[in-house]
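Written below as structure tokens is the structure these notes are about.
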Amino acid sequence: MFLRPNLYTSYEQEIQILPTYTKKVLAAIAIIVLLLIPFDVPLLTAATDLPVLRNIPIISNGIPPLRFLGDNNWLRVLDQALIFGIAALGLNILTGVAGQVSLGHAFFMGVGAYTGAVLGGVASSSVWGWNLPIWIWLPGAGVGAALVGIIVSPVAVRLRGLYLAIVTLGLVFVGIHMSNTTWGKHIAGDPGLGRDFPTYDIQIWKEQPPLISIDEDGKWFGFLDVTDNQKKYLFLAVLFLFFILLAKNVARTRTGRALQAIRDRDIAAEVMGVPEFKYKLIAFATSSFFAGVAGALFASFAGKLPASQFSLALSVEFIAILLIGGVGTVSGTVMGTFFVVLIPKFVESFTDWLADKTEGTGVGAKLAEVVISTGPGNQGPVSSATQTPGYPLNVFDWNLVLYGVLIIVFLIFEPLGLYGIWIKIRNYWKRWPFSY
Amino acid sequence: MTALLEVDNITLRFGGVTAINDVSFDVQPEELFAIIGPNGAGKTSIFNTLSQVYRPQEGTIRFEGESIMGLRPDKVAELGIARTFQNIELFPQMNVIDNLLTGRHIRMNGSIFDGAIWLGKAKKEELENRRKVEDIIDFLEIEQWRKHPVALLPYGFQKRVELGRALAMEPKLLLLDEPVAGMNLEETEDMARFILDIKRELNIPMIMVEHDMGLVMDIADRVMVLDFGERIAMGTPDQVQANPDVIAAYLGSEFA
């Protein structure tokens with residue numbers, strides 16, 4: 001009864017997002033873990049101090065799922081994953097659900113970031129800013145990006161496939177160029193350094209003390225010490241869950257089906273009464289709204305950011321998230337986001353660990369030396385330093401190589417991405433022990 | 001009784017090729033009207049002009065007395081003209097229920113905001129339309145395929161789902177483009193039964209393009225014969241079968 005899904009007895013039961021007990025329990029556990037991650041759990045923290053485990057750098061740096069994080073550098077990576085997750089959910093609506101390949105997602109994030117900055121930022125002699133509270137600038141960033149999306153979409157709606165990808169690719173360069181114009185500098189600040197972005201503090205109105213302070217350390221319920229990082233994480237986690245819900249609801253109702261119809265067979269969709277132009281426009285606007293909100297959150301999280309950060313590489317990262325996670329599914333997008341955003345941190349930890357190994361002796365050290373190049377004389381393909389003029393690729397560049405390889409591997413072997421792998425595992429156990 | 005659909009002297013050209021040349025016909029309420037003709041006669045082109053995927057250069061098409069010339073295909077669908085396609089044009093990655101619910105698109109009106117909020121209007125609408133879709137699933141006897149992506153369904157059932165998707169639109173006129181193409185005898189008989197059920201129980205008038213002469217002559221009320229884009233005969237199945245021009249077009253002039 002409990003392990004097998006019960007028979008549905010009403011349509012209402014069947015069309016829930018989480019129709020079975022198993023799914024409800026798993027989702028509840030996932031949400032609890034997500035919300036508990038930033039806090040220290042004394043017992044587990046103590047366990048990682050055991051002499052056996054302490055000497056393994058990856059563990060002493062903290063592994064996210066095995067140990068609650070407290071406030072350390074992994075938390076910032078997770079923050080970034082949550083922000084990118086919101087943007088990826090937006091791209092999933094446009095590219096995954098509606099089937100319109102877009103390389104311009106970074107551009108819409110940028111539009112959102114600077115709309116948010118002008119609305120919520122502090123004005124100075126060189127940049128504009130109205131210093132409005134977050135409940136205006138965050139939705140405003142989304143709406144601003146959505147409006148730009150609507151302005152751009154009449155051109156984009158006439159194109160499909162590769163041509164659309166090229167046009168949206170152009171947007172990224174137009175955006176970066178515009179930030180260098182005279183008025184662009186009033187919005188985006190100095191091209192090299194960028195401008196200051198508003199903080200996450202929740203205020204009623206400008207210059208009032210924040211209702212909920214997110215940018216400073218505090219004490220909750222009189223005894224629980226929370227740092228600003230932990231607060232930021234929780235704020236983003238709640239937003240992330242909210243946007244997952246939005247994306248899922250849009251995908252499973254009338255609009256979502258119309259978008260999927262256009263993706264699968266555009267002419268048949270029109271003959272069924274789905275106006276193609278209108279729904280492609282809706283797809284662009286919605287996707288840009290998500291991108292805009294994520295862009296504003298990202299800029300605010302980074303603190304100071306030049307406009308050139310909203311580059312093609314960022315757009316490609318979102319394409320990688322969709323392809324690795326599973327195009328067109330919300331759960332796939334979420335899996336892909338965490339996978340892609342956490343890769344660099346793991347690669348970095350692994351390289352550090354190998355670099356330490358080269359100091360030692362024995363077979364391990366020799367093997368590590370083959371891979372790692374620590375200085376000018378060494379021949380390994382991975383450099384342990386970040387700045388390596390004339391030396392092998394550093395960790396940073398290897399991440400990009402890794403994205404490329406993973407996209408190719410997933411496209412060839414598992415077009416449904418991580419989501420497809422999960423479905424296979426699930427179906428195996430569903431039929432176990434008769435799974436052949 | 002006024003005609004439901006009146007097509008007057010339509011001509012459709014692609015560059016120098018005349019696909020439909022000066023064709024007129026009308027469809028009465030509760031009628032099953034068939035269009036036949038050899039390959040390339042322009043049967044599917046007529047369907048495409050009716051749903052305004054192609055725009056004829058000359059002539060007029062009136063549906064319930066109103067001209068539909070120049071309307072977008074989705075507006076034509078909203079007026080109540082639904083169709084199926086010769087080569088199945090289902091949405092392959094969606095399951096049967098979602099395909100049929102997409103057919104309900106014009107009968108629903110929840111916006112993206114209603115959908116995003118879910119509670120309230122969108123949920124109510126989903127439930128109501130799910131019930132309607134289940135009626136169609138029941139009518140077409142495809143219960144066991146409900147949750148399957150349609151790309152994985154056998155051909156005959158895909159044809160049935162496509163018919164269901166058109167029915168979900170609650171059309172006033174249904175266009176069937178080769179509903180039994182590539183089917184064996186049993187499947188053809190099943191489909192014929194559904195077509196007659198639609199006519200008698202749901203009272204939906206239909207235009208059917210079909211190559212299976214046995215089926216057409218058995219179930220159609222009136223038949224129009226096309227050859228090289230021109231109408232060569234129109235009348236009851238018996239009249240058409242006796243027409244020398246029709247025999248010449250199908251079998252050659254020595255048999256006429």
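As shown in the structure tokens, the chain order sets the letters A, B, ...; within each chain, residues go from 1, and ligands are also counted from 1 in the order they appear.
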
Set the cut-off to 12 Å and count only C-alpha atoms: what are the residues of chain A that reach chain B? Output as a CSV table (one decimal) with N, CA and C atoms, in the first residue's frame.
chain,number,residue,atom,x,y,z
A,10,SER,N,-9.5,10.3,-7.9
A,10,SER,CA,-10.1,11.5,-8.4
A,10,SER,C,-9.1,12.2,-9.4
A,11,TYR,N,-9.6,13.0,-10.3
A,11,TYR,CA,-8.7,13.7,-11.2
A,11,TYR,C,-7.9,14.7,-10.4
A,12,GLU,N,-8.5,15.2,-9.3
A,12,GLU,CA,-7.8,16.2,-8.5
A,12,GLU,C,-6.5,15.6,-7.9
A,13,GLN,N,-6.7,14.3,-7.5
A,13,GLN,CA,-5.6,13.6,-6.9
A,13,GLN,C,-4.5,13.4,-7.9
A,14,GLU,N,-4.9,13.1,-9.1
A,14,GLU,CA,-3.9,12.8,-10.2
A,14,GLU,C,-3.2,14.0,-10.7
A,15,ILE,N,-3.8,15.1,-10.7
A,15,ILE,CA,-3.1,16.3,-11.3
A,15,ILE,C,-2.2,17.1,-10.3
A,16,GLN,N,-2.1,16.5,-9.1
A,16,GLN,CA,-1.2,17.2,-8.2
A,16,GLN,C,0.3,17.2,-8.7
A,17,ILE,N,1.1,18.1,-8.2
A,17,ILE,CA,2.5,18.1,-8.6
A,17,ILE,C,3.2,16.8,-8.1
A,96,GLY,N,13.4,24.6,-23.4
A,96,GLY,CA,13.0,23.2,-23.2
A,96,GLY,C,11.5,23.0,-23.5
A,97,VAL,N,10.6,23.9,-23.0
A,97,VAL,CA,9.2,23.7,-23.2
A,97,VAL,C,8.7,24.3,-24.6
A,99,GLY,N,10.8,25.1,-27.1
A,99,GLY,CA,11.7,24.7,-28.2
A,99,GLY,C,12.4,25.8,-28.9
A,242,PHE,N,10.0,29.0,-4.6
A,242,PHE,CA,8.9,29.7,-5.2
A,242,PHE,C,8.9,29.7,-6.7
A,243,PHE,N,10.1,29.9,-7.3
A,243,PHE,CA,10.2,29.9,-8.8
A,243,PHE,C,10.0,28.5,-9.4
A,244,ILE,N,10.5,27.5,-8.6
A,244,ILE,CA,10.2,26.1,-9.1
A,244,ILE,C,8.7,25.9,-9.2
A,245,LEU,N,8.0,26.3,-8.2
A,245,LEU,CA,6.6,26.2,-8.2
A,245,LEU,C,5.9,26.9,-9.4
A,246,LEU,N,6.4,28.2,-9.6
A,246,LEU,CA,5.9,28.9,-10.7
A,246,LEU,C,6.1,28.2,-12.1
A,247,ALA,N,7.4,27.7,-12.2
A,247,ALA,CA,7.7,27.1,-13.5
A,247,ALA,C,6.9,25.8,-13.7
A,248,LYS,N,6.8,25.1,-12.7
A,248,LYS,CA,6.0,23.8,-12.8
A,248,LYS,C,4.6,24.1,-13.1
A,249,ASN,N,4.0,25.1,-12.5
A,249,ASN,CA,2.6,25.4,-12.7
A,249,ASN,C,2.4,25.9,-14.1
A,250,VAL,N,3.3,26.8,-14.6
A,250,VAL,CA,3.1,27.2,-16.0
A,250,VAL,C,3.2,26.1,-17.0
A,251,ALA,N,4.2,25.1,-16.7
A,251,ALA,CA,4.4,24.0,-17.6
A,251,ALA,C,3.2,23.1,-17.7
A,252,ARG,N,2.5,22.9,-16.6
A,252,ARG,CA,1.4,21.9,-16.6
A,252,ARG,C,0.0,22.4,-16.9
A,253,THR,N,-0.1,23.7,-17.2
A,253,THR,CA,-1.4,24.3,-17.5
A,253,THR,C,-1.5,24.7,-18.9
A,254,ARG,N,-2.6,25.4,-19.3
A,254,ARG,CA,-2.9,25.7,-20.7
A,254,ARG,C,-1.7,26.3,-21.4
A,255,THR,N,-1.1,27.3,-20.8
A,255,THR,CA,0.0,28.0,-21.5
A,255,THR,C,1.1,27.0,-21.8
A,256,GLY,N,1.5,26.2,-20.8
A,256,GLY,CA,2.6,25.2,-21.0
A,256,GLY,C,2.3,24.2,-22.1
A,257,ARG,N,1.1,23.8,-22.2
A,257,ARG,CA,0.7,22.8,-23.3
A,257,ARG,C,0.8,23.5,-24.6
A,258,ALA,N,0.3,24.8,-24.7
A,258,ALA,CA,0.4,25.5,-25.9
A,258,ALA,C,1.8,25.6,-26.4
A,259,LEU,N,2.7,25.9,-25.4
A,259,LEU,CA,4.2,26.1,-25.8
A,259,LEU,C,4.7,24.8,-26.3
A,260,GLN,N,4.4,23.7,-25.6
A,260,GLN,CA,4.9,22.4,-26.0
A,260,GLN,C,4.4,22.0,-27.4
A,261,ALA,N,3.1,22.4,-27.7
A,261,ALA,CA,2.5,22.1,-29.0
A,261,ALA,C,3.3,22.8,-30.1
A,262,ILE,N,3.7,24.1,-29.8
A,262,ILE,CA,4.5,24.8,-30.8
A,262,ILE,C,5.8,24.2,-31.0
A,263,ARG,N,6.4,23.7,-29.9
A,263,ARG,CA,7.7,23.0,-30.0
A,263,ARG,C,7.6,21.8,-30.8
A,264,ASP,N,6.6,21.0,-30.6
A,264,ASP,CA,6.5,19.7,-31.3
A,264,ASP,C,6.1,19.8,-32.8
A,265,ARG,N,5.0,20.6,-33.0
A,265,ARG,CA,4.5,20.7,-34.4
A,265,ARG,C,3.8,22.1,-34.5
A,266,ASP,N,4.5,23.0,-35.1
A,266,ASP,CA,4.0,24.4,-35.0
A,266,ASP,C,2.8,24.6,-35.9
A,267,ILE,N,2.7,23.9,-37.0
A,267,ILE,CA,1.6,24.2,-37.9
A,267,ILE,C,0.3,23.5,-37.3
A,268,ALA,N,0.5,22.3,-36.8
A,268,ALA,CA,-0.6,21.6,-36.2
A,268,ALA,C,-1.1,22.4,-35.0
A,269,ALA,N,-0.2,23.0,-34.2
A,269,ALA,CA,-0.6,23.8,-33.1
A,269,ALA,C,-1.5,25.0,-33.5
A,270,GLU,N,-1.1,25.6,-34.6
A,270,GLU,CA,-2.0,26.8,-35.1
A,270,GLU,C,-3.3,26.3,-35.5
A,271,VAL,N,-3.4,25.1,-36.2
A,271,VAL,CA,-4.7,24.6,-36.6
A,271,VAL,C,-5.5,24.2,-35.4
A,272,MET,N,-4.9,23.9,-34.3
A,272,MET,CA,-5.6,23.6,-33.1
A,272,MET,C,-6.1,24.8,-32.4
A,273,GLY,N,-5.7,26.0,-32.9
A,273,GLY,CA,-6.1,27.2,-32.3
A,273,GLY,C,-5.1,27.9,-31.3
A,274,VAL,N,-3.9,27.5,-31.4
A,274,VAL,CA,-2.8,28.1,-30.6
A,274,VAL,C,-2.1,29.2,-31.5
A,275,PRO,N,-2.3,30.5,-31.2
A,275,PRO,CA,-1.6,31.5,-32.0
A,275,PRO,C,-0.1,31.5,-31.7
A,276,GLU,N,0.6,31.1,-32.8
A,276,GLU,CA,2.1,30.9,-32.6
A,276,GLU,C,2.8,32.1,-32.1
A,277,PHE,N,2.5,33.2,-32.8
A,277,PHE,CA,3.2,34.5,-32.5
A,277,PHE,C,3.0,34.9,-31.0
A,278,LYS,N,1.7,34.8,-30.6
A,278,LYS,CA,1.4,35.2,-29.2
A,278,LYS,C,2.2,34.4,-28.2
A,279,TYR,N,2.2,33.0,-28.4
A,279,TYR,CA,2.7,32.2,-27.4
A,279,TYR,C,4.3,32.2,-27.5
A,281,LEU,N,5.9,34.9,-28.0
A,281,LEU,CA,6.1,36.1,-27.3
A,281,LEU,C,6.0,35.9,-25.8
A,282,ILE,N,5.0,35.1,-25.4
A,282,ILE,CA,4.8,34.8,-24.0
A,282,ILE,C,6.0,34.0,-23.5
A,283,ALA,N,6.5,33.1,-24.3
A,283,ALA,CA,7.7,32.3,-23.9
A,283,ALA,C,8.9,33.2,-23.7
A,285,ALA,N,8.9,36.4,-23.0
A,285,ALA,CA,8.7,37.3,-21.9
A,285,ALA,C,8.9,36.6,-20.5
A,286,THR,N,8.3,35.4,-20.4
A,286,THR,CA,8.4,34.6,-19.2
A,286,THR,C,9.9,34.2,-18.9
A,327,VAL,N,16.4,18.4,-21.0
A,327,VAL,CA,15.6,19.5,-21.6
A,327,VAL,C,14.1,19.3,-21.4
A,328,GLY,N,13.5,20.4,-21.0
A,328,GLY,CA,12.0,20.4,-20.9
A,328,GLY,C,11.4,20.0,-19.6
A,329,THR,N,12.2,19.5,-18.7
A,329,THR,CA,11.7,19.1,-17.4
A,329,THR,C,12.2,20.0,-16.3
A,416,LEU,N,18.0,12.7,-22.6
A,416,LEU,CA,17.1,13.2,-21.6
A,416,LEU,C,17.9,13.7,-20.3

Problem - Test item: residues at most 12 Å from Ala249 of chain B, only C-alpha atoms, excluding those fewer than 5 positions along its chain, as a list in words - result: Ile36, Gly37, Pro38, Asn39, Ala41, Val225, Leu226, Asp227, Phe228, Glu230, Arg231, Ile232, Ala233, Val240, Gln241, Asn243, Pro244, Glu254, Phe255 and Ala256 of chain B

Output file for the selection above: C-alpha atoms, as an mmCIF file, in the first residue's frame:
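So the final result, stored in out_34.cif, reads:
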data_model
loop_
_atom_site.group_PDB
_atom_site.id
_atom_site.type_symbol
_atom_site.label_atom_id
_atom_site.label_comp_id
_atom_site.auth_asym_id
_atom_site.auth_seq_id
_atom_site.Cartn_x
_atom_site.Cartn_y
_atom_site.Cartn_z
ATOM 1 C CA ILE B 36 -11.972 11.826 -53.580
ATOM 2 C CA GLY B 37 -9.609 11.943 -56.506
ATOM 3 C CA PRO B 38 -6.344 10.496 -57.761
ATOM 4 C CA ASN B 39 -3.029 11.469 -56.122
ATOM 5 C CA ALA B 41 -5.757 16.076 -57.408
ATOM 6 C CA VAL B 225 -14.422 14.087 -57.273
ATOM 7 C CA LEU B 226 -11.342 16.143 -58.104
ATOM 8 C CA ASP B 227 -8.834 15.610 -60.870
ATOM 9 C CA PHE B 228 -5.837 17.872 -61.498
ATOM 10 C CA GLU B 230 -10.678 20.640 -60.990
ATOM 11 C CA ARG B 231 -14.059 19.372 -59.890
ATOM 12 C CA ILE B 232 -15.195 16.695 -62.313
ATOM 13 C CA ALA B 233 -18.239 15.369 -60.487
ATOM 14 C CA VAL B 240 -20.604 9.607 -58.885
ATOM 15 C CA GLN B 241 -19.843 5.947 -59.569
ATOM 16 C CA ASN B 243 -20.223 9.319 -64.002
ATOM 17 C CA PRO B 244 -18.107 8.699 -67.141
ATOM 18 C CA GLU B 254 -11.214 3.474 -72.688
ATOM 19 C CA PHE B 255 -13.389 2.274 -69.759
ATOM 20 C CA ALA B 256 -15.670 5.298 -69.724
#

Practice task
Have a look at B:Ile10, B:Leu202, B:Ile195, B:Ala19 and name the one nearest to Pro179 of chain B; count only C-alpha atoms.
Solution key: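 Residue with the minimum atom-to-atom distance to Pro179 of chain B: B:Ile195.
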
Exercise for the section: Output as a PyMOL selection string all residues of segment 152-253 of chain B that backbone DSSP marks as strand (DSSP E). Expected result: chain B and resi 173-177+206-209+222-227+230-235

Would you mind exporting the chosen residues as a PDB file, in the first residue's frame, restricted to N, CA and C atoms?
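Contents of result.pdb, freshly written:
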ATOM      1  N   LEU B 173     -17.487  21.760 -37.523  1.00  0.00           N
ATOM      2  CA  LEU B 173     -17.197  21.063 -38.764  1.00  0.00           C
ATOM      3  C   LEU B 173     -15.863  20.344 -38.583  1.00  0.00           C
ATOM      4  N   LEU B 174     -15.842  19.076 -38.964  1.00  0.00           N
ATOM      5  CA  LEU B 174     -14.639  18.272 -38.756  1.00  0.00           C
ATOM      6  C   LEU B 174     -14.077  17.858 -40.107  1.00  0.00           C
ATOM      7  N   LEU B 175     -12.788  18.139 -40.318  1.00  0.00           N
ATOM      8  CA  LEU B 175     -12.142  17.754 -41.573  1.00  0.00           C
ATOM      9  C   LEU B 175     -11.261  16.540 -41.307  1.00  0.00           C
ATOM     10  N   LEU B 176     -11.526  15.438 -41.994  1.00  0.00           N
ATOM     11  CA  LEU B 176     -10.740  14.222 -41.782  1.00  0.00           C
ATOM     12  C   LEU B 176      -9.902  13.959 -43.029  1.00  0.00           C
ATOM     13  N   ASP B 177      -8.578  14.037 -42.879  1.00  0.00           N
ATOM     14  CA  ASP B 177      -7.700  13.821 -44.035  1.00  0.00           C
ATOM     15  C   ASP B 177      -7.201  12.380 -44.001  1.00  0.00           C
ATOM     16  N   MET B 206     -19.047  16.442 -41.319  1.00  0.00           N
ATOM     17  CA  MET B 206     -17.643  16.134 -41.609  1.00  0.00           C
ATOM     18  C   MET B 206     -17.357  16.265 -43.087  1.00  0.00           C
ATOM     19  N   ILE B 207     -16.123  16.643 -43.394  1.00  0.00           N
ATOM     20  CA  ILE B 207     -15.618  16.492 -44.755  1.00  0.00           C
ATOM     21  C   ILE B 207     -14.498  15.474 -44.655  1.00  0.00           C
ATOM     22  N   MET B 208     -14.529  14.457 -45.539  1.00  0.00           N
ATOM     23  CA  MET B 208     -13.533  13.398 -45.436  1.00  0.00           C
ATOM     24  C   MET B 208     -12.814  13.271 -46.772  1.00  0.00           C
ATOM     25  N   VAL B 209     -11.498  13.271 -46.705  1.00  0.00           N
ATOM     26  CA  VAL B 209     -10.701  12.944 -47.889  1.00  0.00           C
ATOM     27  C   VAL B 209     -10.259  11.508 -47.714  1.00  0.00           C
ATOM     28  N   ARG B 222     -22.604  12.620 -49.664  1.00  0.00           N
ATOM     29  CA  ARG B 222     -22.326  13.161 -50.992  1.00  0.00           C
ATOM     30  C   ARG B 222     -20.828  13.070 -51.238  1.00  0.00           C
ATOM     31  N   VAL B 223     -20.449  12.973 -52.480  1.00  0.00           N
ATOM     32  CA  VAL B 223     -19.042  12.826 -52.848  1.00  0.00           C
ATOM     33  C   VAL B 223     -18.702  13.867 -53.906  1.00  0.00           C
ATOM     34  N   MET B 224     -17.512  14.491 -53.745  1.00  0.00           N
ATOM     35  CA  MET B 224     -17.006  15.358 -54.799  1.00  0.00           C
ATOM     36  C   MET B 224     -15.741  14.712 -55.350  1.00  0.00           C
ATOM     37  N   VAL B 225     -15.598  14.688 -56.657  1.00  0.00           N
ATOM     38  CA  VAL B 225     -14.422  14.087 -57.273  1.00  0.00           C
ATOM     39  C   VAL B 225     -13.568  15.179 -57.885  1.00  0.00           C
ATOM     40  N   LEU B 226     -12.280  15.172 -57.554  1.00  0.00           N
ATOM     41  CA  LEU B 226     -11.342  16.143 -58.104  1.00  0.00           C
ATOM     42  C   LEU B 226     -10.361  15.424 -59.020  1.00  0.00           C
ATOM     43  N   ASP B 227      -9.919  16.128 -60.053  1.00  0.00           N
ATOM     44  CA  ASP B 227      -8.834  15.610 -60.870  1.00  0.00           C
ATOM     45  C   ASP B 227      -8.021  16.799 -61.361  1.00  0.00           C
ATOM     46  N   GLU B 230      -9.360  20.204 -60.532  1.00  0.00           N
ATOM     47  CA  GLU B 230     -10.678  20.640 -60.990  1.00  0.00           C
ATOM     48  C   GLU B 230     -11.749  19.672 -60.531  1.00  0.00           C
ATOM     49  N   ARG B 231     -12.946  20.230 -60.287  1.00  0.00           N
ATOM     50  CA  ARG B 231     -14.059  19.372 -59.890  1.00  0.00           C
ATOM     51  C   ARG B 231     -14.625  18.699 -61.128  1.00  0.00           C
ATOM     52  N   ILE B 232     -14.647  17.353 -61.133  1.00  0.00           N
ATOM     53  CA  ILE B 232     -15.195  16.695 -62.313  1.00  0.00           C
ATOM     54  C   ILE B 232     -16.555  16.068 -62.046  1.00  0.00           C
ATOM     55  N   ALA B 233     -16.909  15.915 -60.772  1.00  0.00           N
ATOM     56  CA  ALA B 233     -18.239  15.369 -60.487  1.00  0.00           C
ATOM     57  C   ALA B 233     -18.613  15.658 -59.054  1.00  0.00           C
ATOM     58  N   MET B 234     -19.903  15.734 -58.770  1.00  0.00           N
ATOM     59  CA  MET B 234     -20.374  15.854 -57.394  1.00  0.00           C
ATOM     60  C   MET B 234     -21.776  15.279 -57.314  1.00  0.00           C
ATOM     61  N   GLY B 235     -22.042  14.514 -56.255  1.00  0.00           N
ATOM     62  CA  GLY B 235     -23.374  13.944 -56.120  1.00  0.00           C
ATOM     63  C   GLY B 235     -23.363  12.820 -55.115  1.00  0.00           C
TER      64      GLY B 235
END

Problem - Separation of atom CA of Thr2 of chain B from atom CA of Pro29 of chain B, in Å and rounded to one decimal - result: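 Taking atom CA of Thr2 of chain B as the start and atom CA of Pro29 of chain B as the end point, the length is 8.2 Å.
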
Exercise for the section: Write out as a PyMOL selection string the residues lying within 10 Å of Leu402 of chain A, counting only C-alpha atoms and excluding same-chain residues fewer than 3 positions away. Expected result: chain A and resi 340+343-344+347+397-399+405-408

Problem - Selection near Tyr419 of chain A, 8 Å with only C-alpha atoms, sequence-local residues under 5 positions removed, as number ranges by chain - result: A: 325-326, 329, 331-332, 335

Exercise for the section: For Gly104 of chain A, please output as a PyMOL selection string all residues within 8 Å (counting only C-alpha atoms; exclusion window: fewer than 6 positions along the same chain). Expected result: chain A and resi 165+168-172+312+315

Those residues with N, CA and C atoms, as a tab-separated table (two decimals), in the first residue's frame please?
chain	number	residue	atom	x	y	z
A	165	ALA	N	19.25	30.99	-32.74
A	165	ALA	CA	20.41	30.93	-31.86
A	165	ALA	C	21.40	32.04	-32.21
A	168	THR	N	19.97	35.54	-31.14
A	168	THR	CA	20.02	35.76	-29.70
A	168	THR	C	21.47	35.88	-29.22
A	169	LEU	N	22.37	35.18	-29.93
A	169	LEU	CA	23.80	35.31	-29.64
A	169	LEU	C	24.24	36.76	-29.81
A	170	GLY	N	23.71	37.38	-30.89
A	170	GLY	CA	24.05	38.78	-31.16
A	170	GLY	C	23.64	39.69	-30.02
A	171	LEU	N	22.52	39.38	-29.36
A	171	LEU	CA	22.03	40.21	-28.25
A	171	LEU	C	23.09	40.38	-27.18
A	172	VAL	N	23.81	39.30	-26.88
A	172	VAL	CA	24.81	39.34	-25.82
A	172	VAL	C	25.85	40.42	-26.12
A	312	LEU	N	28.85	35.57	-23.36
A	312	LEU	CA	28.44	34.36	-24.05
A	312	LEU	C	28.71	33.12	-23.21
A	315	SER	N	25.84	32.41	-21.04
A	315	SER	CA	24.74	31.81	-21.81
A	315	SER	C	24.98	30.33	-22.05

Practice task
DSSP on the backbone, then: every residue of segment 38-242 of chain B marked alpha helix (DSSP H), written as a PyMOL selection string.
Solution key: chain B and resi 43-50+73-79+96-103+112-117+121-140+155-168+185-201+213-219+237-242

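Our summary of the geometry notes that atom CA of Ala248 of chain B is positioned 16.0 Å from atom CA of Gly40 of chain B.
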
Practice task
For Glu64 of chain B, work out the shell of residues within 8 Å, counting only C-alpha atoms and skipping chain neighbours fewer than 4 positions away, then give it as a PyMOL selection string.
Solution key: chain B and resi 3-5

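With atom CA of Gly229 of chain B on one side and atom CA of Gly182 of chain B on the other, the separation reads 24.0 Å.
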